$ cat coords_7.tsv   # TSV, C-alpha atoms
chain	number	residue	atom	x	y	z
H	5	MET	CA	-32.16	24.36	21.98
H	6	LYS	CA	-28.86	24.07	23.86
H	7	LYS	CA	-29.65	20.45	24.72
H	8	ILE	CA	-30.30	19.69	21.05
H	9	LEU	CA	-27.01	21.33	20.03
H	10	CYS	CA	-25.17	19.39	22.71
H	11	LEU	CA	-26.75	16.14	21.55
H	12	LEU	CA	-25.88	16.92	17.93
H	13	SER	CA	-22.32	17.72	18.94
H	14	LEU	CA	-22.07	14.48	20.92
H	15	PHE	CA	-23.50	12.50	18.01
H	16	ALA	CA	-20.98	14.05	15.62
H	17	THR	CA	-18.15	13.22	18.00
H	18	LEU	CA	-19.30	9.62	18.41
H	19	SER	CA	-19.75	9.26	14.66
H	20	ALA	CA	-16.24	10.54	14.04
H	21	GLN	CA	-14.86	8.16	16.66
H	22	ALA	CA	-16.79	5.25	15.17
H	23	GLN	CA	-15.45	6.11	11.73
H	24	PHE	CA	-11.91	6.34	13.12
H	25	THR	CA	-12.15	2.91	14.73
H	26	ARG	CA	-12.92	1.50	11.27
H	27	LEU	CA	-10.00	3.35	9.70
H	28	THR	CA	-7.68	1.11	7.69
H	29	ARG	CA	-4.47	1.83	5.82
H	30	HIS	CA	-6.07	1.22	2.42
H	31	PRO	CA	-9.03	-0.70	0.97
H	32	ASP	CA	-9.21	-4.41	1.64
H	33	ILE	CA	-9.62	-5.43	-1.99
H	34	PRO	CA	-11.54	-8.72	-2.38
H	35	VAL	CA	-9.61	-11.58	-3.90
H	36	GLN	CA	-12.42	-11.95	-6.47
H	37	TYR	CA	-11.55	-8.51	-7.86
H	38	ASP	CA	-7.89	-9.40	-8.13
H	39	ALA	CA	-8.82	-12.69	-9.80
H	40	ALA	CA	-10.93	-10.88	-12.41
H	41	PHE	CA	-8.12	-8.40	-13.01
H	42	VAL	CA	-5.61	-11.24	-13.43
H	43	ASP	CA	-7.94	-13.09	-15.82
H	44	LEU	CA	-7.93	-9.98	-18.00
H	45	VAL	CA	-4.22	-9.18	-18.03
H	46	LYS	CA	-2.50	-12.57	-17.69
H	47	GLY	CA	-2.26	-12.93	-21.45
H	48	TYR	CA	-0.93	-9.43	-22.01
H	49	TYR	CA	2.55	-8.77	-23.34
H	50	SER	CA	5.10	-7.48	-20.82
H	51	GLY	CA	8.02	-5.21	-21.61
H	52	THR	CA	9.47	-1.72	-21.24
H	53	VAL	CA	8.20	1.56	-22.68
H	54	LYS	CA	9.74	5.03	-22.49
H	55	SER	CA	7.69	8.23	-22.54
H	56	SER	CA	7.99	11.87	-21.51
H	57	TYR	CA	6.63	10.84	-18.09
H	58	GLY	CA	9.27	8.18	-17.47
H	59	GLN	CA	10.14	4.54	-18.10
H	60	TYR	CA	7.54	1.82	-17.60
H	61	PHE	CA	8.19	-1.87	-17.08
H	62	GLY	CA	5.19	-4.20	-16.93
H	63	HIS	CA	2.06	-5.39	-18.71
H	64	LEU	CA	0.82	-3.71	-21.89
H	65	SER	CA	-2.62	-4.20	-23.44
H	66	PRO	CA	-2.96	-5.24	-27.11
H	67	ASP	CA	-3.34	-1.55	-28.06
H	68	GLN	CA	-0.11	-0.76	-26.14
H	69	ASN	CA	-1.78	0.89	-23.14
H	70	VAL	CA	-0.25	0.56	-19.67
H	71	TYR	CA	-2.62	-2.07	-18.28
H	72	GLY	CA	-1.79	-4.72	-15.66
H	73	TYR	CA	1.00	-5.10	-13.13
H	74	GLY	CA	3.82	-2.65	-13.68
H	75	THR	CA	6.22	-0.07	-12.32
H	76	PHE	CA	6.93	3.47	-13.51
H	77	PHE	CA	10.29	5.15	-12.91
H	78	THR	CA	9.71	8.89	-13.20
H	79	ASP	CA	11.63	12.08	-12.47
H	80	GLN	CA	8.50	13.94	-11.42
H	81	ASP	CA	6.73	11.49	-9.11
H	82	GLY	CA	9.44	8.96	-8.24
H	83	GLU	CA	8.70	5.23	-8.48
H	84	ILE	CA	5.11	4.05	-8.92
H	85	CYS	CA	4.46	0.32	-8.62
H	86	GLY	CA	1.23	-1.68	-8.62
H	87	GLN	CA	-1.83	-2.45	-10.71
H	88	PHE	CA	-2.53	-0.10	-13.63
H	89	ARG	CA	-5.57	0.48	-15.82
H	90	ASN	CA	-5.14	2.56	-18.97
H	91	GLY	CA	-2.12	4.30	-17.52
H	92	ASP	CA	-3.66	5.10	-14.12
H	93	LEU	CA	-2.59	3.37	-10.92
H	94	ILE	CA	-5.50	1.44	-9.40
H	95	VAL	CA	-3.73	0.33	-6.24
H	96	GLY	CA	-0.10	0.22	-5.21
H	97	ILE	CA	2.83	2.32	-4.03
H	98	ARG	CA	3.68	5.89	-5.03
H	99	MET	CA	7.19	6.56	-3.74
H	100	GLY	CA	8.07	10.24	-3.96
H	101	THR	CA	11.15	12.07	-2.67
H	102	ALA	CA	9.81	12.68	0.86
H	103	ILE	CA	6.42	10.96	1.14
H	104	VAL	CA	5.25	7.53	0.01
H	105	ARG	CA	1.54	6.88	-0.51
H	106	VAL	CA	0.29	3.30	-0.30
H	107	GLY	CA	-3.20	2.32	-1.46
H	108	THR	CA	-5.61	3.75	-4.01
H	109	GLU	CA	-6.13	7.30	-5.24
H	110	ASP	CA	-9.09	7.73	-2.86
H	111	HIS	CA	-7.87	5.73	0.14
H	112	TYR	CA	-4.23	5.54	1.11
H	113	THR	CA	-1.75	5.95	3.95
H	114	ALA	CA	1.00	8.54	3.63
H	115	TYR	CA	4.35	7.70	5.24
H	116	ASP	CA	7.43	9.83	5.84
H	117	LEU	CA	10.22	8.24	3.78
H	118	LEU	CA	12.92	9.45	6.16
H	119	THR	CA	11.43	8.07	9.39
H	120	GLY	CA	9.02	5.48	7.99
H	121	GLU	CA	6.29	6.82	10.28
H	122	PRO	CA	2.69	7.18	9.05
H	123	GLN	CA	1.60	10.79	8.64
H	124	TYR	CA	-2.11	10.39	7.94
H	125	VAL	CA	-4.75	8.26	6.24
H	126	PHE	CA	-6.52	9.84	3.27
H	127	LEU	CA	-10.14	8.73	2.94
H	128	ASN	CA	-13.29	10.38	1.56
H	129	ASP	CA	-11.32	13.54	0.67
H	130	GLU	CA	-10.22	13.92	4.29
H	131	LYS	CA	-6.88	13.46	6.05
H	132	TYR	CA	-7.16	11.51	9.31
H	133	LYS	CA	-4.49	11.64	11.98
H	134	LEU	CA	-3.65	8.33	13.63
H	135	ASP	CA	-3.92	7.32	17.25
H	136	ALA	CA	-0.93	6.29	19.34
H	137	GLU	CA	-1.43	2.57	18.69
H	138	HIS	CA	-1.27	2.89	14.92
H	139	LEU	CA	1.54	5.44	15.08
H	140	ALA	CA	3.60	2.92	17.01
H	141	SER	CA	2.86	-0.16	14.90
H	142	TRP	CA	2.50	1.01	11.27
H	143	ARG	CA	5.69	1.67	9.32
H	144	TYR	CA	7.09	1.91	5.80
H	145	VAL	CA	10.65	0.62	5.94
H	146	GLN	CA	13.52	-1.07	4.16
H	147	LEU	CA	14.60	-4.45	5.54
H	148	ALA	CA	17.90	-5.96	4.41
H	149	TYR	CA	18.68	-9.68	4.59
H	150	LYS	CA	21.97	-11.58	4.80
H	151	ASN	CA	21.48	-13.22	1.40
H	152	GLY	CA	21.43	-9.83	-0.32
H	153	ASP	CA	17.64	-9.57	-0.67
H	154	LYS	CA	15.73	-6.59	0.67
H	155	TYR	CA	12.11	-5.62	1.34
H	156	VAL	CA	10.76	-2.10	0.90
H	157	GLY	CA	7.20	-1.62	2.05
H	158	GLU	CA	4.69	-1.63	4.85
H	159	THR	CA	5.14	-3.39	8.16
H	160	VAL	CA	3.03	-3.87	11.28
H	161	ASP	CA	4.92	-4.39	14.54
H	162	GLY	CA	8.09	-5.10	12.58
H	163	LYS	CA	6.59	-7.77	10.29
H	164	ARG	CA	6.03	-7.45	6.55
H	165	ASP	CA	2.35	-6.55	6.40
H	166	GLY	CA	0.55	-4.60	3.69
H	167	TYR	CA	1.87	-3.65	0.25
H	168	GLY	CA	5.57	-4.02	-0.44
H	169	ILE	CA	8.29	-4.73	-2.97
H	170	TYR	CA	10.72	-7.58	-2.36
H	171	TYR	CA	14.01	-7.16	-4.22
H	172	TYR	CA	15.98	-10.34	-4.86
H	173	ALA	CA	19.77	-10.35	-5.02
H	174	ASN	CA	19.59	-11.67	-8.61
H	175	GLY	CA	17.87	-8.47	-9.82
H	176	ASN	CA	14.26	-9.71	-9.89
H	177	PHE	CA	11.66	-8.03	-7.68
H	178	TYR	CA	8.16	-8.93	-6.50
H	179	PHE	CA	5.23	-6.58	-5.82
H	180	GLY	CA	2.27	-7.71	-3.75
H	181	ARG	CA	0.60	-7.86	-0.38
H	182	TYR	CA	2.00	-9.39	2.78
H	183	LYS	CA	0.58	-10.67	6.05
H	184	ASP	CA	2.67	-11.84	9.02
H	185	ASN	CA	5.86	-11.78	6.92
H	186	LYS	CA	4.37	-13.90	4.12
H	187	ALA	CA	3.12	-12.97	0.66
H	188	VAL	CA	-0.67	-13.30	0.30
H	189	GLY	CA	-3.02	-13.15	-2.66
H	190	TYR	CA	-2.03	-12.08	-6.16
H	191	GLY	CA	1.20	-10.30	-7.01
H	192	ALA	CA	3.73	-9.99	-9.79
H	193	LEU	CA	7.36	-11.03	-10.18
H	194	PHE	CA	9.33	-8.63	-12.39
H	195	LYS	CA	12.28	-10.43	-13.98
H	196	THR	CA	15.52	-9.12	-15.44
H	197	ASP	CA	14.53	-10.51	-18.85
H	198	ASN	CA	11.64	-7.94	-18.95
H	199	HIS	CA	9.05	-10.65	-18.27
H	200	VAL	CA	6.31	-10.23	-15.66
H	201	SER	CA	5.02	-13.38	-13.98
H	202	ILE	CA	1.74	-13.23	-12.04
H	203	GLN	CA	1.78	-15.30	-8.86
H	204	TYR	CA	-0.70	-16.30	-6.19
H	205	TRP	CA	0.14	-17.00	-2.55
H	206	ASP	CA	-2.17	-18.59	-0.01
H	207	GLY	CA	-0.40	-16.89	2.89
H	208	PRO	CA	-0.26	-18.21	6.45
H	209	SER	CA	-3.00	-20.64	7.42
H	210	GLU	CA	-4.94	-20.29	10.66
H	211	ALA	CA	-2.85	-23.10	12.14
H	212	GLU	CA	0.36	-21.28	11.21
H	213	GLN	CA	-0.94	-18.03	12.70
H	214	ASP	CA	-1.90	-19.83	15.91
H	215	ALA	CA	1.51	-21.53	16.04
H	216	ALA	CA	3.28	-18.21	15.52
H	217	ALA	CA	1.22	-16.59	18.28
H	218	GLN	CA	1.97	-19.51	20.61
H	219	ALA	CA	5.69	-19.28	19.80
H	220	GLU	CA	5.67	-15.58	20.66
H	221	LEU	CA	3.98	-16.30	23.99
H	222	GLU	CA	6.47	-19.04	24.82
H	223	ALA	CA	9.41	-16.82	23.86
H	224	ALA	CA	8.07	-14.01	26.08
H	225	ALA	CA	7.57	-16.45	28.97
H	226	ALA	CA	11.10	-17.84	28.55
H	227	ALA	CA	12.56	-14.33	28.51
H	228	ALA	CA	10.64	-13.40	31.66
H	229	GLU	CA	11.82	-16.58	33.41
H	230	ALA	CA	15.44	-15.94	32.40
H	231	ALA	CA	15.23	-12.40	33.73
H	232	GLN	CA	14.14	-13.68	37.16
H	233	LYS	CA	17.02	-16.15	37.53
H	234	PRO	CA	20.02	-14.90	39.55
H	235	GLU	CA	23.07	-14.20	37.45
H	236	LYS	CA	25.83	-16.79	37.88
H	237	LYS	CA	29.22	-15.47	38.88
H	238	SER	CA	31.90	-16.37	36.40
H	239	SER	CA	34.89	-18.26	37.77
H	240	LYS	CA	38.33	-16.76	37.29
H	241	ARG	CA	40.02	-20.14	37.69
H	242	ARG	CA	42.17	-21.02	34.71
H	243	ASN	CA	41.70	-24.29	32.90
H	244	VAL	CA	45.19	-25.69	33.28
H	245	ASN	CA	44.65	-28.52	30.82
H	246	ALA	CA	43.46	-26.13	28.13
H	247	TRP	CA	46.54	-23.92	28.41
H	248	SER	CA	49.20	-26.56	29.00
H	249	ARG	CA	48.88	-28.25	25.60
$ encode --input "coords_7.tsv" --output "structure tokens"
Amino acid sequence: MKKILCLLSLFATLSAQAQFTRLTRHPDIPVQYDAAFVDLVKGYYSGTVKSSYGQYFGHLSPDQNVYGYGTFFTDQDGEICGQFRNGDLIVGIRMGTAIVRVGTEDHYTAYDLLTGEPQYVFLNDEKYKLDAEHLASWRYVQLAYKNGDKYVGETVDGKRDGYGIYYYANGNFYFGRYKDNKAVGYGALFKTDNHVSIQYWDGPSEAEQDAAAQAELEAAAAAAEAAQKPEKKSSKRRNVNAWSR
């Protein structure tokens, strides 16, 4: 009996570990689903609507339901941005005051807004703690750029990766998925004229990914080589010609 219990315990442990190894931040939604969703909503009107819940900016169905790409600005739940169906968020970003949830209602990653660190993955009505590797690489951050643009969303090892919102300096912003710093798949550009434009991005090709990986290897090798070279002593001799003019 003890052997059976031990075996059952071992099996449960291995099953849990196997499930954990398959743990992802949120569902990998097939592009065919997004394409079908876009086919439905691409002809919908886009605009702003105010309600007791908050202000909505995005697609509206012919019967004035919140349906399509949109963003809700609420006092209760913060900013909610993504794909909606009859008022409910299908997939996207729920940015509260302390925690941001990225994914679907049933499968998402919760991040601490203050530190950007992942807290847990919610899946199958369970909260899963992350291992050291994912804790170190997954983040939800704000990245600012010299041209005035900024990105707020998920990153992996410092690169835009996952769901995010890219805010342009001109007031427009884009919601969608990213991979290796590039937008991939379907997303929506929200414009200052209250128009929503659906866009599709191919993302980095295999050749580009290979080139990026090779560039990283070469940069690491160059840095290692530079670190091994002896430091040259700077000369204190004054350039007479430079100072005598």
$ closest_residue --input "coords_7.tsv" --among "H:Tyr178, H:Gly168, H:Asp79, H:Ile94" --to "Tyr37 of chain H" --atoms "all atoms listed in the file"
H:Ile94
$ residues_around --input "coords_7.tsv" --residues "Asp32 of chain H" --least-positions-apart "2" --cutoff "12 Å" --atoms "only C-alpha atoms" --output "ChimeraX atom specification"
/H:26-30,34-38,95,107-108,111-112,166-167,181,189
$ write_last_selection --input "coords_7.tsv" --atoms "C-alpha atoms" --output "short mmCIF file (atom, residue, chain, number, x, y, z; two decimals), keeping the file's coordinate frame"
data_model
loop_
_atom_site.label_atom_id
_atom_site.label_comp_id
_atom_site.auth_asym_id
_atom_site.auth_seq_id
_atom_site.Cartn_x
_atom_site.Cartn_y
_atom_site.Cartn_z
CA ARG H 26 -12.92 1.50 11.27
CA LEU H 27 -10.00 3.35 9.70
CA THR H 28 -7.68 1.11 7.69
CA ARG H 29 -4.47 1.83 5.82
CA HIS H 30 -6.07 1.22 2.42
CA PRO H 34 -11.54 -8.72 -2.38
CA VAL H 35 -9.61 -11.58 -3.90
CA GLN H 36 -12.42 -11.95 -6.47
CA TYR H 37 -11.55 -8.51 -7.86
CA ASP H 38 -7.89 -9.40 -8.13
CA VAL H 95 -3.73 0.33 -6.24
CA GLY H 107 -3.20 2.32 -1.46
CA THR H 108 -5.61 3.75 -4.01
CA HIS H 111 -7.87 5.73 0.14
CA TYR H 112 -4.23 5.54 1.11
CA GLY H 166 0.55 -4.60 3.69
CA TYR H 167 1.87 -3.65 0.25
CA ARG H 181 0.60 -7.86 -0.38
CA GLY H 189 -3.02 -13.15 -2.66
#
$ atom_distance --input "coords_7.tsv" --atom1 "atom CA of Arg98 of chain H" --atom2 "atom CA of Asp161 of chain H"
22.1 Å
$ atom_distance --input "coords_7.tsv" --atom1 "atom CA of Tyr182 of chain H" --atom2 "atom CA of Gly62 of chain H"
20.6 Å
$ atom_distance --input "coords_7.tsv" --atom1 "atom CA of Gly82 of chain H" --atom2 "atom CA of Gly96 of chain H"
13.3 Å
$ closest_residue --input "coords_7.tsv" --among "H:Arg89, H:His63, H:Gly100, H:Phe194" --to "Phe77 of chain H" --atoms "all atoms listed in the file"
H:Gly100
$ closest_residue --input "coords_7.tsv" --among "H:Leu64, H:Leu139, H:Val156, H:Val53" --to "Val106 of chain H" --atoms "only C-alpha atoms"
H:Val156
$ residues_near_point --input "coords_7.tsv" --point "(6.7, -1.7, -11.9)" --cutoff "9 Å" --atoms "only C-alpha atoms" --output "PDB file with C-alpha atoms, in the coordinates of the input"
ATOM      1  CA  TYR H  60       7.540   1.820 -17.600  1.00  0.00           C
ATOM      2  CA  PHE H  61       8.190  -1.870 -17.080  1.00  0.00           C
ATOM      3  CA  GLY H  62       5.190  -4.200 -16.930  1.00  0.00           C
ATOM      4  CA  TYR H  73       1.000  -5.100 -13.130  1.00  0.00           C
ATOM      5  CA  GLY H  74       3.820  -2.650 -13.680  1.00  0.00           C
ATOM      6  CA  THR H  75       6.220  -0.070 -12.320  1.00  0.00           C
ATOM      7  CA  PHE H  76       6.930   3.470 -13.510  1.00  0.00           C
ATOM      8  CA  PHE H  77      10.290   5.150 -12.910  1.00  0.00           C
ATOM      9  CA  GLU H  83       8.700   5.230  -8.480  1.00  0.00           C
ATOM     10  CA  ILE H  84       5.110   4.050  -8.920  1.00  0.00           C
ATOM     11  CA  CYS H  85       4.460   0.320  -8.620  1.00  0.00           C
ATOM     12  CA  GLY H  86       1.230  -1.680  -8.620  1.00  0.00           C
ATOM     13  CA  GLN H  87      -1.830  -2.450 -10.710  1.00  0.00           C
ATOM     14  CA  PHE H 179       5.230  -6.580  -5.820  1.00  0.00           C
ATOM     15  CA  PHE H 194       9.330  -8.630 -12.390  1.00  0.00           C
TER      16      PHE H 194
END
$ residues_around --input "coords_7.tsv" --residues "segment 114-124 of chain H" --least-positions-apart "2" --cutoff "6 Å" --atoms "all atoms listed in the file" --output "PDB file with C-alpha atoms, in the coordinates of the input"
ATOM      1  CA  ALA H 102       9.810  12.680   0.860  1.00  0.00           C
ATOM      2  CA  ILE H 103       6.420  10.960   1.140  1.00  0.00           C
ATOM      3  CA  VAL H 104       5.250   7.530   0.010  1.00  0.00           C
ATOM      4  CA  ARG H 105       1.540   6.880  -0.510  1.00  0.00           C
ATOM      5  CA  LYS H 131      -6.880  13.460   6.050  1.00  0.00           C
ATOM      6  CA  TYR H 132      -7.160  11.510   9.310  1.00  0.00           C
ATOM      7  CA  LYS H 133      -4.490  11.640  11.980  1.00  0.00           C
ATOM      8  CA  ARG H 143       5.690   1.670   9.320  1.00  0.00           C
ATOM      9  CA  TYR H 144       7.090   1.910   5.800  1.00  0.00           C
ATOM     10  CA  VAL H 145      10.650   0.620   5.940  1.00  0.00           C
TER      11      VAL H 145
END
$ axis_aligned_box --input "coords_7.tsv" --around "segment 193-198 of chain H" --padding-each-side "5 Å" --output "JSON"
{"center_x": 11.4, "center_y": -9.5, "center_z": -14.6, "size_x": 18.2, "size_y": 13.1, "size_z": 18.8}
$ residues_around --input "coords_7.tsv" --residues "Asp165 of chain H" --least-positions-apart "4" --cutoff "6 Å" --atoms "only C-alpha atoms" --output "ChimeraX atom specification"
/H:158-160,182-184
$ closest_residue --input "coords_7.tsv" --among "H:Ile33, H:Val70, H:Ile97, H:Ala187" --to "Tyr49 of chain H" --atoms "all atoms listed in the file"
H:Val70
$ residues_around --input "coords_7.tsv" --residues "Phe88 of chain H" --least-positions-apart "2" --cutoff "6 Å" --atoms "all atoms listed in the file" --output "list of chain:residue names"
H:Tyr71, H:Gly72, H:Gly91, H:Asp92, H:Leu93, H:Ile94
$ residues_around --input "coords_7.tsv" --residues "Tyr155 of chain H" --least-positions-apart "6" --cutoff "7 Å" --atoms "only C-alpha atoms" --output "list in words"
Gln146, Leu147, Ala148, Gly168, Ile169, Tyr170 and Tyr171 of chain H
$ closest_residue --input "coords_7.tsv" --among "H:Val45, H:Gly180, H:Asn174, H:Gln80" --to "Thr196 of chain H" --atoms "all atoms listed in the file"
H:Asn174
$ closest_residue --input "coords_7.tsv" --among "H:Gly175, H:Leu44, H:Ala136, H:Thr113" --to "Gly157 of chain H" --atoms "only C-alpha atoms"
H:Thr113
$ residues_near_point --input "coords_7.tsv" --point "(5.8, -17.1, -8.7)" --cutoff "10 Å" --atoms "all atoms listed in the file" --output "list in words"
Tyr178, Tyr190, Gly191, Ala192, Leu193, Phe194, Val200, Ser201, Ile202, Gln203, Tyr204 and Trp205 of chain H
